[in-house]
$ cat entry_19.cif   # mmCIF, C-alpha atoms and all ligand atoms
data_target
loop_
_atom_site.group_PDB
_atom_site.id
_atom_site.type_symbol
_atom_site.label_atom_id
_atom_site.label_comp_id
_atom_site.auth_asym_id
_atom_site.auth_seq_id
_atom_site.Cartn_x
_atom_site.Cartn_y
_atom_site.Cartn_z
ATOM 1 C CA MET J 1 0.000 0.000 0.000
ATOM 2 C CA LYS J 2 3.082 2.261 -0.001
ATOM 3 C CA GLY J 3 2.433 5.579 -1.743
ATOM 4 C CA ARG J 4 -1.306 4.950 -2.209
ATOM 5 C CA ASP J 5 -4.018 7.609 -2.189
ATOM 6 C CA ILE J 6 -7.109 6.772 -0.094
ATOM 7 C CA ILE J 7 -9.958 8.730 -1.686
ATOM 8 C CA SER J 8 -12.851 6.256 -1.775
ATOM 9 C CA ILE J 9 -13.406 3.065 0.214
ATOM 10 C CA ARG J 10 -13.611 1.477 -3.263
ATOM 11 C CA ASP J 11 -9.869 2.146 -3.587
ATOM 12 C CA LEU J 12 -9.256 -0.667 -1.087
ATOM 13 C CA LYS J 13 -9.667 -4.422 -1.582
ATOM 14 C CA LYS J 14 -11.074 -6.542 1.231
ATOM 15 C CA GLU J 15 -7.616 -8.052 1.911
ATOM 16 C CA GLU J 16 -6.115 -4.567 2.191
ATOM 17 C CA ILE J 17 -8.793 -3.499 4.683
ATOM 18 C CA GLU J 18 -8.069 -6.647 6.699
ATOM 19 C CA LEU J 19 -4.354 -5.826 6.587
ATOM 20 C CA VAL J 20 -5.108 -2.365 8.046
ATOM 21 C CA PHE J 21 -7.035 -4.090 10.866
ATOM 22 C CA SER J 22 -4.250 -6.530 11.703
ATOM 23 C CA VAL J 23 -1.654 -3.717 11.781
ATOM 24 C CA ALA J 24 -4.069 -1.645 13.911
ATOM 25 C CA ASP J 25 -4.328 -4.528 16.407
ATOM 26 C CA SER J 26 -0.550 -4.450 16.822
ATOM 27 C CA MET J 27 -0.669 -0.695 17.518
ATOM 28 C CA VAL J 28 -3.332 -0.452 20.226
ATOM 29 C CA ASP J 29 -0.800 -0.267 23.081
ATOM 30 C CA ILE J 30 1.067 2.523 21.251
ATOM 31 C CA ALA J 31 -2.233 4.360 20.684
ATOM 32 C CA LEU J 32 -2.922 4.078 24.427
ATOM 33 C CA GLY J 33 0.534 5.478 25.266
ATOM 34 C CA LYS J 34 1.579 2.219 26.974
ATOM 35 C CA LYS J 35 4.329 1.515 24.426
ATOM 36 C CA GLU J 36 6.629 3.851 22.505
ATOM 37 C CA SER J 37 7.344 3.825 18.776
ATOM 38 C CA ASN J 38 9.456 5.886 16.408
ATOM 39 C CA ALA J 39 8.225 4.131 13.282
ATOM 40 C CA LEU J 40 7.335 7.434 11.569
ATOM 41 C CA GLU J 41 10.318 9.446 12.844
ATOM 42 C CA HIS J 42 11.295 12.139 10.282
ATOM 43 C CA LYS J 43 7.912 11.800 8.506
ATOM 44 C CA ILE J 44 5.627 14.815 8.216
ATOM 45 C CA LEU J 45 1.862 14.660 7.747
ATOM 46 C CA ALA J 46 0.055 17.756 6.438
ATOM 47 C CA THR J 47 -3.571 18.266 7.492
ATOM 48 C CA LEU J 48 -5.610 20.547 5.208
ATOM 49 C CA PHE J 49 -9.003 21.128 6.811
ATOM 50 C CA PHE J 50 -11.253 23.424 4.826
ATOM 51 C CA GLU J 51 -14.177 22.307 7.047
ATOM 52 C CA PRO J 52 -14.472 21.832 10.831
ATOM 53 C CA SER J 53 -13.299 18.620 12.491
ATOM 54 C CA THR J 54 -12.510 17.348 15.967
ATOM 55 C CA ARG J 55 -12.031 13.592 15.670
ATOM 56 C CA THR J 56 -10.584 13.142 12.193
ATOM 57 C CA LYS J 57 -7.998 15.907 12.452
ATOM 58 C CA MET J 58 -6.949 15.197 16.030
ATOM 59 C CA SER J 59 -6.835 11.412 15.665
ATOM 60 C CA PHE J 60 -4.632 11.696 12.562
ATOM 61 C CA GLU J 61 -2.382 14.050 14.521
ATOM 62 C CA SER J 62 -2.341 11.788 17.562
ATOM 63 C CA ALA J 63 -1.580 8.786 15.325
ATOM 64 C CA MET J 64 1.413 10.607 13.804
ATOM 65 C CA LEU J 65 2.743 11.851 17.164
ATOM 66 C CA ARG J 66 2.379 8.425 18.833
ATOM 67 C CA LEU J 67 4.538 6.991 16.028
ATOM 68 C CA GLY J 68 7.240 9.652 16.417
ATOM 69 C CA GLY J 69 6.200 11.667 13.344
ATOM 70 C CA ARG J 70 5.237 15.320 13.060
ATOM 71 C CA CYS J 71 2.282 17.290 11.714
ATOM 72 C CA ILE J 72 1.773 20.599 9.968
ATOM 73 C CA GLY J 73 -1.475 22.020 8.688
ATOM 74 C CA PHE J 74 -4.430 24.313 9.049
ATOM 75 C CA SER J 75 -8.061 24.208 10.080
ATOM 76 C CA ASP J 76 -8.858 27.881 9.624
ATOM 77 C CA ILE J 77 -8.611 28.884 5.977
ATOM 78 C CA GLY J 78 -8.934 32.517 7.050
ATOM 79 C CA ALA J 79 -5.378 32.222 8.389
ATOM 80 C CA THR J 80 -4.009 30.796 5.118
ATOM 81 C CA SER J 81 -3.344 32.226 1.677
ATOM 82 C CA VAL J 82 -6.701 30.769 0.555
ATOM 83 C CA ALA J 83 -8.065 33.997 2.108
ATOM 84 C CA LYS J 84 -5.909 35.910 -0.395
ATOM 85 C CA GLY J 85 -7.353 33.984 -3.310
ATOM 86 C CA GLU J 86 -4.976 31.019 -3.636
ATOM 87 C CA ASN J 87 -6.688 28.059 -5.298
ATOM 88 C CA LEU J 88 -6.722 24.394 -4.266
ATOM 89 C CA HIS J 89 -4.308 23.443 -7.041
ATOM 90 C CA ASP J 90 -1.556 25.776 -5.822
ATOM 91 C CA THR J 91 -2.180 24.987 -2.145
ATOM 92 C CA VAL J 92 -1.741 21.255 -2.831
ATOM 93 C CA ARG J 93 1.337 21.806 -5.057
ATOM 94 C CA VAL J 94 3.042 23.695 -2.247
ATOM 95 C CA VAL J 95 1.965 21.482 0.665
ATOM 96 C CA GLU J 96 3.177 18.311 -1.069
ATOM 97 C CA SER J 97 6.681 19.759 -1.045
ATOM 98 C CA TYR J 98 6.428 20.333 2.729
ATOM 99 C CA SER J 99 5.208 16.860 3.732
ATOM 100 C CA ASP J 100 5.273 13.088 3.131
ATOM 101 C CA ALA J 101 1.491 12.697 2.918
ATOM 102 C CA MET J 102 -1.551 14.907 3.256
ATOM 103 C CA VAL J 103 -5.022 14.554 4.738
ATOM 104 C CA ILE J 104 -7.664 16.803 3.217
ATOM 105 C CA ARG J 105 -11.237 17.693 4.208
ATOM 106 C CA HIS J 106 -13.111 19.959 1.826
ATOM 107 C CA PRO J 107 -16.760 20.994 1.327
ATOM 108 C CA LYS J 108 -16.734 20.095 -2.392
ATOM 109 C CA GLU J 109 -17.333 16.508 -3.484
ATOM 110 C CA GLY J 110 -14.391 15.415 -5.646
ATOM 111 C CA ALA J 111 -11.892 17.830 -4.056
ATOM 112 C CA ALA J 112 -9.779 15.043 -2.523
ATOM 113 C CA ARG J 113 -9.636 13.169 -5.848
ATOM 114 C CA TYR J 114 -8.567 16.415 -7.521
ATOM 115 C CA ALA J 115 -5.844 16.943 -4.871
ATOM 116 C CA ALA J 116 -4.600 13.384 -5.475
ATOM 117 C CA GLU J 117 -4.307 14.073 -9.202
ATOM 118 C CA ILE J 118 -2.089 17.071 -8.439
ATOM 119 C CA SER J 119 0.031 15.626 -5.625
ATOM 120 C CA GLU J 120 2.740 13.029 -6.100
ATOM 121 C CA LYS J 121 2.615 12.361 -2.351
ATOM 122 C CA PRO J 122 -0.230 10.215 -0.927
ATOM 123 C CA VAL J 123 -3.530 12.008 -0.324
ATOM 124 C CA ILE J 124 -6.105 10.779 2.211
ATOM 125 C CA ASN J 125 -9.702 11.933 1.896
ATOM 126 C CA ALA J 126 -10.964 13.078 5.317
ATOM 127 C CA GLY J 127 -14.396 13.953 3.883
ATOM 128 C CA ASP J 128 -15.315 15.650 0.600
ATOM 129 C CA GLY J 129 -18.698 17.327 0.873
ATOM 130 C CA SER J 130 -21.411 14.689 0.772
ATOM 131 C CA GLY J 131 -19.056 12.311 -1.054
ATOM 132 C CA GLU J 132 -17.065 9.861 1.070
ATOM 133 C CA HIS J 133 -15.129 9.520 4.323
ATOM 134 C CA PRO J 134 -13.160 6.312 3.809
ATOM 135 C CA THR J 135 -11.005 6.363 6.951
ATOM 136 C CA GLN J 136 -14.141 6.739 9.087
ATOM 137 C CA THR J 137 -15.373 3.547 7.439
ATOM 138 C CA LEU J 138 -12.140 1.744 8.297
ATOM 139 C CA LEU J 139 -12.524 2.593 11.975
ATOM 140 C CA ASP J 140 -16.260 1.786 11.856
ATOM 141 C CA LEU J 141 -15.643 -1.685 10.418
ATOM 142 C CA TYR J 142 -12.787 -2.235 12.881
ATOM 143 C CA THR J 143 -15.147 -1.315 15.739
ATOM 144 C CA MET J 144 -17.831 -3.718 14.467
ATOM 145 C CA LYS J 145 -15.256 -6.506 14.224
ATOM 146 C CA LYS J 146 -14.093 -5.846 17.778
ATOM 147 C CA ALA J 147 -17.659 -5.749 19.118
ATOM 148 C CA MET J 148 -19.129 -8.711 17.224
ATOM 149 C CA GLY J 149 -16.137 -10.816 16.128
ATOM 150 C CA GLY J 150 -17.051 -10.398 12.447
ATOM 151 C CA ILE J 151 -19.248 -8.508 9.995
ATOM 152 C CA ALA J 152 -20.578 -11.097 7.514
ATOM 153 C CA GLY J 153 -24.230 -11.936 8.162
ATOM 154 C CA LYS J 154 -24.708 -9.156 10.720
ATOM 155 C CA ASN J 155 -27.655 -6.783 10.343
ATOM 156 C CA VAL J 156 -26.715 -3.112 10.255
ATOM 157 C CA LEU J 157 -29.327 -0.340 10.394
ATOM 158 C CA LEU J 158 -28.044 2.861 8.805
ATOM 159 C CA VAL J 159 -30.209 5.594 10.317
ATOM 160 C CA GLY J 160 -30.681 9.302 9.640
ATOM 161 C CA ASP J 161 -29.318 11.482 6.881
ATOM 162 C CA LEU J 162 -28.346 8.948 4.222
ATOM 163 C CA LYS J 163 -28.433 11.571 1.458
ATOM 164 C CA TYR J 164 -25.835 14.055 2.667
ATOM 165 C CA GLY J 165 -23.982 11.865 5.210
ATOM 166 C CA ARG J 166 -20.657 10.945 3.632
ATOM 167 C CA THR J 167 -19.754 8.393 6.313
ATOM 168 C CA VAL J 168 -22.710 6.182 5.352
ATOM 169 C CA HIS J 169 -21.863 6.402 1.634
ATOM 170 C CA SER J 170 -18.470 4.832 2.318
ATOM 171 C CA LEU J 171 -19.748 2.490 5.030
ATOM 172 C CA ALA J 172 -22.637 1.034 2.996
ATOM 173 C CA ARG J 173 -20.226 0.085 0.203
ATOM 174 C CA ALA J 174 -17.823 -1.583 2.653
ATOM 175 C CA LEU J 175 -20.594 -3.420 4.522
ATOM 176 C CA SER J 176 -21.737 -4.874 1.228
ATOM 177 C CA LEU J 177 -18.181 -5.996 0.460
ATOM 178 C CA PHE J 178 -18.016 -7.717 3.875
ATOM 179 C CA GLY J 179 -21.426 -9.430 3.496
ATOM 180 C CA ALA J 180 -23.483 -7.565 6.103
ATOM 181 C CA GLY J 181 -27.258 -7.126 5.815
ATOM 182 C CA ILE J 182 -27.985 -3.447 5.194
ATOM 183 C CA PHE J 183 -31.202 -1.743 6.362
ATOM 184 C CA LEU J 184 -31.651 1.864 5.227
ATOM 185 C CA ILE J 185 -33.748 3.998 7.602
ATOM 186 C CA SER J 186 -34.254 7.646 6.655
ATOM 187 C CA PRO J 187 -36.931 10.214 5.857
ATOM 188 C CA ARG J 188 -37.882 9.963 2.166
ATOM 189 C CA GLU J 189 -36.230 13.346 1.584
ATOM 190 C CA LEU J 190 -32.896 12.014 2.873
ATOM 191 C CA GLU J 191 -32.706 8.602 1.188
ATOM 192 C CA MET J 192 -29.437 6.998 0.181
ATOM 193 C CA PRO J 193 -28.415 8.253 -3.297
ATOM 194 C CA GLU J 194 -29.225 5.898 -6.197
ATOM 195 C CA GLU J 195 -25.560 5.702 -7.234
ATOM 196 C CA VAL J 196 -24.705 4.149 -3.833
ATOM 197 C CA LYS J 197 -27.821 1.936 -3.751
ATOM 198 C CA LYS J 198 -26.794 0.428 -7.105
ATOM 199 C CA GLU J 199 -23.559 -0.814 -5.535
ATOM 200 C CA ILE J 200 -24.917 -2.385 -2.324
ATOM 201 C CA ASN J 201 -27.148 -5.270 -1.246
ATOM 202 C CA ILE J 202 -30.134 -3.838 0.609
ATOM 203 C CA GLU J 203 -32.212 -6.026 2.954
ATOM 204 C CA ALA J 204 -34.876 -3.364 3.516
ATOM 205 C CA GLU J 205 -35.504 0.345 3.207
ATOM 206 C CA GLY J 206 -37.966 2.452 5.178
ATOM 207 C CA GLU J 207 -38.589 5.362 7.486
ATOM 208 C CA ARG J 208 -39.201 3.694 10.874
ATOM 209 C CA ILE J 209 -36.468 2.320 13.152
ATOM 210 C CA GLU J 210 -39.117 0.334 15.057
ATOM 211 C CA ASP J 211 -39.777 -1.857 11.975
ATOM 212 C CA HIS J 212 -36.272 -3.389 12.077
ATOM 213 C CA ILE J 213 -34.743 -2.674 15.489
ATOM 214 C CA ARG J 214 -35.375 -6.243 16.736
ATOM 215 C CA GLU J 215 -33.215 -7.693 13.932
ATOM 216 C CA ALA J 216 -30.367 -5.197 14.366
ATOM 217 C CA ASP J 217 -26.857 -6.167 15.424
ATOM 218 C CA VAL J 218 -25.700 -2.584 14.836
ATOM 219 C CA ILE J 219 -27.665 0.668 14.817
ATOM 220 C CA TYR J 220 -25.437 3.189 13.043
ATOM 221 C CA VAL J 221 -26.894 6.642 13.684
ATOM 222 C CA THR J 222 -26.003 9.780 11.755
ATOM 223 C CA ARG J 223 -26.578 13.484 12.292
ATOM 224 C CA ILE J 224 -28.857 15.365 9.911
ATOM 225 C CA GLN J 225 -26.201 17.370 8.022
ATOM 226 C CA LYS J 226 -27.534 20.879 8.558
ATOM 227 C CA GLU J 227 -24.641 22.515 6.685
ATOM 228 C CA ARG J 228 -25.479 20.676 3.421
ATOM 229 C CA PHE J 229 -29.121 21.785 3.147
ATOM 230 C CA PRO J 230 -29.796 24.389 0.465
ATOM 231 C CA ASP J 231 -32.959 25.444 2.365
ATOM 232 C CA PRO J 232 -32.896 25.972 6.188
ATOM 233 C CA ALA J 233 -36.677 25.418 6.316
ATOM 234 C CA GLU J 234 -36.194 21.898 4.933
ATOM 235 C CA TYR J 235 -33.630 21.178 7.669
ATOM 236 C CA ALA J 236 -36.011 22.505 10.341
ATOM 237 C CA LYS J 237 -38.683 20.125 9.051
ATOM 238 C CA LEU J 238 -36.433 17.056 9.289
ATOM 239 C CA SER J 239 -34.218 17.746 12.321
ATOM 240 C CA GLY J 240 -35.096 15.714 15.390
ATOM 241 C CA ARG J 241 -36.820 13.029 13.281
ATOM 242 C CA TYR J 242 -34.810 10.211 14.899
ATOM 243 C CA ARG J 243 -33.779 9.898 18.509
ATOM 244 C CA ILE J 244 -32.364 6.723 20.025
ATOM 245 C CA ASP J 245 -32.928 6.482 23.758
ATOM 246 C CA SER J 246 -32.724 3.704 26.320
ATOM 247 C CA LYS J 247 -36.496 3.158 26.153
ATOM 248 C CA LEU J 248 -36.361 2.503 22.398
ATOM 249 C CA LEU J 249 -33.373 0.186 22.923
ATOM 250 C CA GLU J 250 -35.509 -2.071 25.137
ATOM 251 C CA MET J 251 -36.832 -3.398 21.808
ATOM 252 C CA ALA J 252 -33.293 -4.268 20.594
ATOM 253 C CA LYS J 253 -31.196 -7.371 21.194
ATOM 254 C CA LYS J 254 -29.139 -7.193 24.396
ATOM 255 C CA GLU J 255 -25.910 -7.349 22.367
ATOM 256 C CA CYS J 256 -26.969 -4.794 19.724
ATOM 257 C CA ILE J 257 -24.429 -1.963 19.528
ATOM 258 C CA VAL J 258 -25.138 1.697 18.808
ATOM 259 C CA MET J 259 -22.552 3.541 16.736
ATOM 260 C CA HIS J 260 -22.284 7.138 15.529
ATOM 261 C CA PRO J 261 -19.405 8.839 13.683
ATOM 262 C CA LEU J 262 -20.046 11.884 15.925
ATOM 263 C CA PRO J 263 -20.596 14.740 16.520
ATOM 264 C CA ARG J 264 -24.102 13.951 17.794
ATOM 265 C CA VAL J 265 -26.641 16.708 18.109
ATOM 266 C CA GLU J 266 -29.856 15.123 19.330
ATOM 267 C CA GLU J 267 -29.936 11.712 17.653
ATOM 268 C CA ILE J 268 -28.744 9.737 20.685
ATOM 269 C CA ALA J 269 -30.040 10.562 24.158
ATOM 270 C CA TYR J 270 -27.438 10.851 26.914
ATOM 271 C CA ASP J 271 -29.141 8.044 28.818
ATOM 272 C CA VAL J 272 -27.759 5.603 26.192
ATOM 273 C CA ASP J 273 -24.149 6.479 27.134
ATOM 274 C CA SER J 274 -24.185 4.371 30.298
ATOM 275 C CA THR J 275 -25.715 1.291 28.625
ATOM 276 C CA GLU J 276 -23.877 -1.689 27.124
ATOM 277 C CA HIS J 277 -25.248 -0.617 23.735
ATOM 278 C CA ALA J 278 -23.090 2.531 23.547
ATOM 279 C CA TRP J 279 -20.038 2.015 21.341
ATOM 280 C CA TYR J 280 -19.584 5.502 19.843
ATOM 281 C CA PHE J 281 -16.799 6.671 22.155
ATOM 282 C CA ARG J 282 -14.859 3.420 21.681
ATOM 283 C CA GLU J 283 -15.455 3.925 17.944
ATOM 284 C CA ALA J 284 -13.871 7.399 18.153
ATOM 285 C CA PHE J 285 -10.818 5.999 20.000
ATOM 286 C CA ASN J 286 -10.393 3.280 17.362
ATOM 287 C CA GLY J 287 -9.640 6.068 14.899
ATOM 288 C CA ILE J 288 -6.160 6.277 16.388
ATOM 289 C CA PRO J 289 -4.847 2.688 15.909
ATOM 290 C CA VAL J 290 -6.614 2.432 12.537
ATOM 291 C CA ARG J 291 -5.100 5.701 11.272
ATOM 292 C CA MET J 292 -1.700 4.721 12.709
ATOM 293 C CA ALA J 293 -1.917 1.527 10.690
ATOM 294 C CA LEU J 294 -2.980 3.299 7.519
ATOM 295 C CA LEU J 295 -0.243 5.949 7.794
ATOM 296 C CA SER J 296 2.403 3.264 8.449
ATOM 297 C CA LEU J 297 1.268 1.317 5.397
ATOM 298 C CA ILE J 298 1.080 4.232 2.966
ATOM 299 C CA MET J 299 4.358 5.702 4.228
ATOM 300 C CA GLY J 300 5.949 2.294 3.682
ATOM 301 C CA VAL J 301 7.255 1.577 7.195
ATOM 302 C CA VAL J 302 5.011 -1.514 7.454
ATOM 303 C CA GLU J 303 4.221 -3.872 4.562
HETATM 304 N N1 LIG R 1 -16.401 11.494 12.556
HETATM 305 C C1 LIG R 1 -15.924 12.694 12.130
HETATM 306 O O1 LIG R 1 -15.596 12.881 10.946
HETATM 307 O O2 LIG R 1 -15.810 13.636 13.113
HETATM 308 P P1 LIG R 1 -15.172 15.067 12.926
HETATM 309 O O3 LIG R 1 -16.083 15.853 11.990
HETATM 310 O O4 LIG R 1 -15.105 15.658 14.303
HETATM 311 O O5 LIG R 1 -13.814 14.912 12.301
#

$ encode --input "entry_19.cif" --output "structure tokens"
Amino acid sequence: MKGRDIISIRDLKKEEIELVFSVADSMVDIALGKKESNALEHKILATLFFEPSTRTKMSFESAMLRLGGRCIGFSDIGATSVAKGENLHDTVRVVESYSDAMVIRHPKEGAARYAAEISEKPVINAGDGSGEHPTQTLLDLYTMKKAMGGIAGKNVLLVGDLKYGRTVHSLARALSLFGAGIFLISPRELEMPEEVKKEINIEAEGERIEDHIREADVIYVTRIQKERFPDPAEYAKLSGRYRIDSKLLEMAKKECIVMHPLPRVEEIAYDVDSTEHAWYFREAFNGIPVRMALLSLIMGVVE
């Protein structure tokens, strides 16, 4: 995987995803700070965040630092030369000469692919508009494997904003590759795009969680993506449509896990946090060993 761009989850074969997981397993103690590593000493990762982020940016940075590497980057374009009119092309051309790989988040779908065409250094897509978020999918699958021992044959409910939510676009494709049963639960206005549906095996599609919660091994909840709506009135109509709480989870299997890429707004009640169902904070932590593994593989220090 040395030198590879990671733009879409479709860029990775099943065996490559499994390789990321086995390397991630070997890095958990380093991610926890219990063991030291200098595997990425002298390597520099550039983080180009044209949109807000907490988990993706900081877990990539933590992954680099835990492996002895360093990070440069920005998360406020107002403090960069973008504010003076510099375009994405020139920004990428310059940043590639300052770093060994770059992670980019951008509001426009296709921006990460465009950056990869310009850069000779590896480019990792950290979210391109409503497009994809492939490294989120890697940590989501890793979390499911840890929780359930495997993914094939498991029933996964994808709930919420399936139209604009980039994490579910990547995840649905990967779940299909791994043989999970996919249930799409969203308001009609926020259905999974046809181009994704064409590529996945769908068990059922509907608007009500209650219709499938008893079958679920995983309930993967997403935020309604307010920032992507062209019309605020449309968002107001749909926000708050789904809310998972401990009462609703009484209908679920005891071992059913609840996941969320985070941030949550109101989709998961705080009373779920203290139940055995809550896996979203463990999911967020798993971003560190998984991103450590991915960086080690694409920077060629692990094969
Ligand atoms: N899951 C995720 O992408 O979170 P951030 O927006 O905080 O990076």

$ residues_around --input "entry_19.cif" --residues "Ala63 of chain J" --least-positions-apart "6" --cutoff "8 Å" --atoms "only C-alpha atoms" --output "list in words"
Ala31, Ile288, Pro289, Arg291 and Met292 of chain J

$ write_last_selection --input "entry_19.cif" --atoms "C-alpha atoms" --output "PDB file, keeping the file's coordinate frame"
ATOM      1  CA  ALA J  31      -2.233   4.360  20.684  1.00  0.00           C
ATOM      2  CA  ILE J 288      -6.160   6.277  16.388  1.00  0.00           C
ATOM      3  CA  PRO J 289      -4.847   2.688  15.909  1.00  0.00           C
ATOM      4  CA  ARG J 291      -5.100   5.701  11.272  1.00  0.00           C
ATOM      5  CA  MET J 292      -1.700   4.721  12.709  1.00  0.00           C
TER       6      MET J 292
END

$ residues_near_ligand --input "entry_19.cif" --ligand "ligand LIG 1 (chain R)" --cutoff "7 Å" --atoms "only C-alpha atoms and all ligand atoms" --output "JSON, numbers by chain"
{"J": [52, 53, 54, 55, 56, 57, 136, 261, 262, 263]}

$ resolve_selection --input "entry_19.cif" --expression "the PyMOL selection byres (((chain J and resi 185-199) around 7) and not hetatm)" --output "PDB file with C-alpha atoms, in the frame of the given file"
ATOM      1  CA  LEU J 157     -29.327  -0.340  10.394  1.00  0.00           C
ATOM      2  CA  LEU J 158     -28.044   2.861   8.805  1.00  0.00           C
ATOM      3  CA  VAL J 159     -30.209   5.594  10.317  1.00  0.00           C
ATOM      4  CA  GLY J 160     -30.681   9.302   9.640  1.00  0.00           C
ATOM      5  CA  ASP J 161     -29.318  11.482   6.881  1.00  0.00           C
ATOM      6  CA  LEU J 162     -28.346   8.948   4.222  1.00  0.00           C
ATOM      7  CA  LYS J 163     -28.433  11.571   1.458  1.00  0.00           C
ATOM      8  CA  HIS J 169     -21.863   6.402   1.634  1.00  0.00           C
ATOM      9  CA  ARG J 173     -20.226   0.085   0.203  1.00  0.00           C
ATOM     10  CA  PHE J 183     -31.202  -1.743   6.362  1.00  0.00           C
ATOM     11  CA  LEU J 184     -31.651   1.864   5.227  1.00  0.00           C
ATOM     12  CA  ILE J 200     -24.917  -2.385  -2.324  1.00  0.00           C
ATOM     13  CA  GLU J 205     -35.504   0.345   3.207  1.00  0.00           C
ATOM     14  CA  GLY J 206     -37.966   2.452   5.178  1.00  0.00           C
ATOM     15  CA  GLU J 207     -38.589   5.362   7.486  1.00  0.00           C
ATOM     16  CA  ARG J 208     -39.201   3.694  10.874  1.00  0.00           C
ATOM     17  CA  ILE J 209     -36.468   2.320  13.152  1.00  0.00           C
TER      18      ILE J 209
END

$ residues_near_point --input "entry_19.cif" --point "(-9.9, 25.4, -5.7)" --cutoff "10 Å" --atoms "all atoms listed in the file" --output "VMD selection string"
chain J and resid 82 85 to 92 106 108 111 114 to 115

$ residues_around --input "entry_19.cif" --residues "segment 270-278 of chain J" --least-positions-apart "3" --cutoff "9 Å" --atoms "all atoms listed in the file" --output "number ranges by chain"
J: 244-246, 249, 254-259, 281-282

$ resolve_selection --input "entry_19.cif" --expression "the PyMOL selection byres (((chain J and resi 47) around 8) and not hetatm)" --output "list in words"
Leu45, Ala46, Leu48, Phe49, Lys57, Cys71, Ile72, Gly73, Phe74, Ser75, Met102, Val103 and Ile104 of chain J

$ write_last_selection --input "entry_19.cif" --atoms "C-alpha atoms" --output "compact mmCIF listing (two decimals), keeping the file's coordinate frame"
# COMPACT_ATOMS: atom_id res chain seq x y z
CA LEU J 45 1.86 14.66 7.75
CA ALA J 46 0.06 17.76 6.44
CA LEU J 48 -5.61 20.55 5.21
CA PHE J 49 -9.00 21.13 6.81
CA LYS J 57 -8.00 15.91 12.45
CA CYS J 71 2.28 17.29 11.71
CA ILE J 72 1.77 20.60 9.97
CA GLY J 73 -1.48 22.02 8.69
CA PHE J 74 -4.43 24.31 9.05
CA SER J 75 -8.06 24.21 10.08
CA MET J 102 -1.55 14.91 3.26
CA VAL J 103 -5.02 14.55 4.74
CA ILE J 104 -7.66 16.80 3.22

$ residues_near_point --input "entry_19.cif" --point "(-16.9, -1.3, 6.2)" --cutoff "8 Å" --atoms "all atoms listed in the file" --output "list in words"
Thr137, Leu138, Asp140, Leu141, Tyr142, Ser170, Leu171, Ala172, Arg173, Ala174, Leu175, Ser176, Leu177 and Phe178 of chain J

$ write_last_selection --input "entry_19.cif" --atoms "C-alpha atoms" --output "short mmCIF file (atom, residue, chain, number, x, y, z; two decimals), keeping the file's coordinate frame"
data_model
loop_
_atom_site.label_atom_id
_atom_site.label_comp_id
_atom_site.auth_asym_id
_atom_site.auth_seq_id
_atom_site.Cartn_x
_atom_site.Cartn_y
_atom_site.Cartn_z
CA THR J 137 -15.37 3.55 7.44
CA LEU J 138 -12.14 1.74 8.30
CA ASP J 140 -16.26 1.79 11.86
CA LEU J 141 -15.64 -1.68 10.42
CA TYR J 142 -12.79 -2.24 12.88
CA SER J 170 -18.47 4.83 2.32
CA LEU J 171 -19.75 2.49 5.03
CA ALA J 172 -22.64 1.03 3.00
CA ARG J 173 -20.23 0.08 0.20
CA ALA J 174 -17.82 -1.58 2.65
CA LEU J 175 -20.59 -3.42 4.52
CA SER J 176 -21.74 -4.87 1.23
CA LEU J 177 -18.18 -6.00 0.46
CA PHE J 178 -18.02 -7.72 3.88
#

$ resolve_selection --input "entry_19.cif" --expression "the PyMOL selection byres (((chain J and resi 264) around 10) and not hetatm)" --output "list in words"
Val221, Thr222, Arg223, Ile224, His260, Pro261, Leu262, Pro263, Val265, Glu266, Glu267, Ile268, Ala269 and Tyr280 of chain J

$ closest_residue --input "entry_19.cif" --among "J:Glu51, J:Phe285, J:Lys13, J:Met299" --to "Gly78 of chain J" --atoms "only C-alpha atoms"
J:Glu51

$ residues_around --input "entry_19.cif" --residues "Glu120 of chain J" --least-positions-apart "3" --cutoff "12 Å" --atoms "all atoms listed in the file" --output "PyMOL selection string"
chain J and resi 3-5+92-97+99-102+114-117+123

$ closest_residue --input "entry_19.cif" --among "J:Glu109, J:Pro232, J:Lys35, J:Leu297" --to "Ile7 of chain J" --atoms "all atoms listed in the file"
J:Glu109

$ closest_residue --input "entry_19.cif" --among "J:Ala112, J:Val28, J:Ile9, J:Ala147" --to "Val168 of chain J" --atoms "only C-alpha atoms"
J:Ile9

$ closest_residue --input "entry_19.cif" --among "J:Gly300, J:Gly131, J:Gly287, J:Pro107" --to "Ser62 of chain J" --atoms "all atoms listed in the file"
J:Gly287

$ atom_distance --input "entry_19.cif" --atom1 "atom CA of Ser26 of chain J" --atom2 "atom CA of Ala39 of chain J"
12.8 Å

$ atom_distance --input "entry_19.cif" --atom1 "atom CA of Glu41 of chain J" --atom2 "atom CA of Glu303 of chain J"
16.8 Å

$ atom_distance --input "entry_19.cif" --atom1 "atom CA of Leu67 of chain J" --atom2 "atom CA of Ser296 of chain J"
8.7 Å

$ closest_residue --input "entry_19.cif" --among "J:Ser239, J:Ile298, J:Ile30, J:Asn155" --to "Ala204 of chain J" --atoms "all atoms listed in the file"
J:Asn155

$ closest_residue --input "entry_19.cif" --among "J:Ile6, J:Leu32, J:Met148, J:Ala284" --to "Asn125 of chain J" --atoms "all atoms listed in the file"
J:Ile6
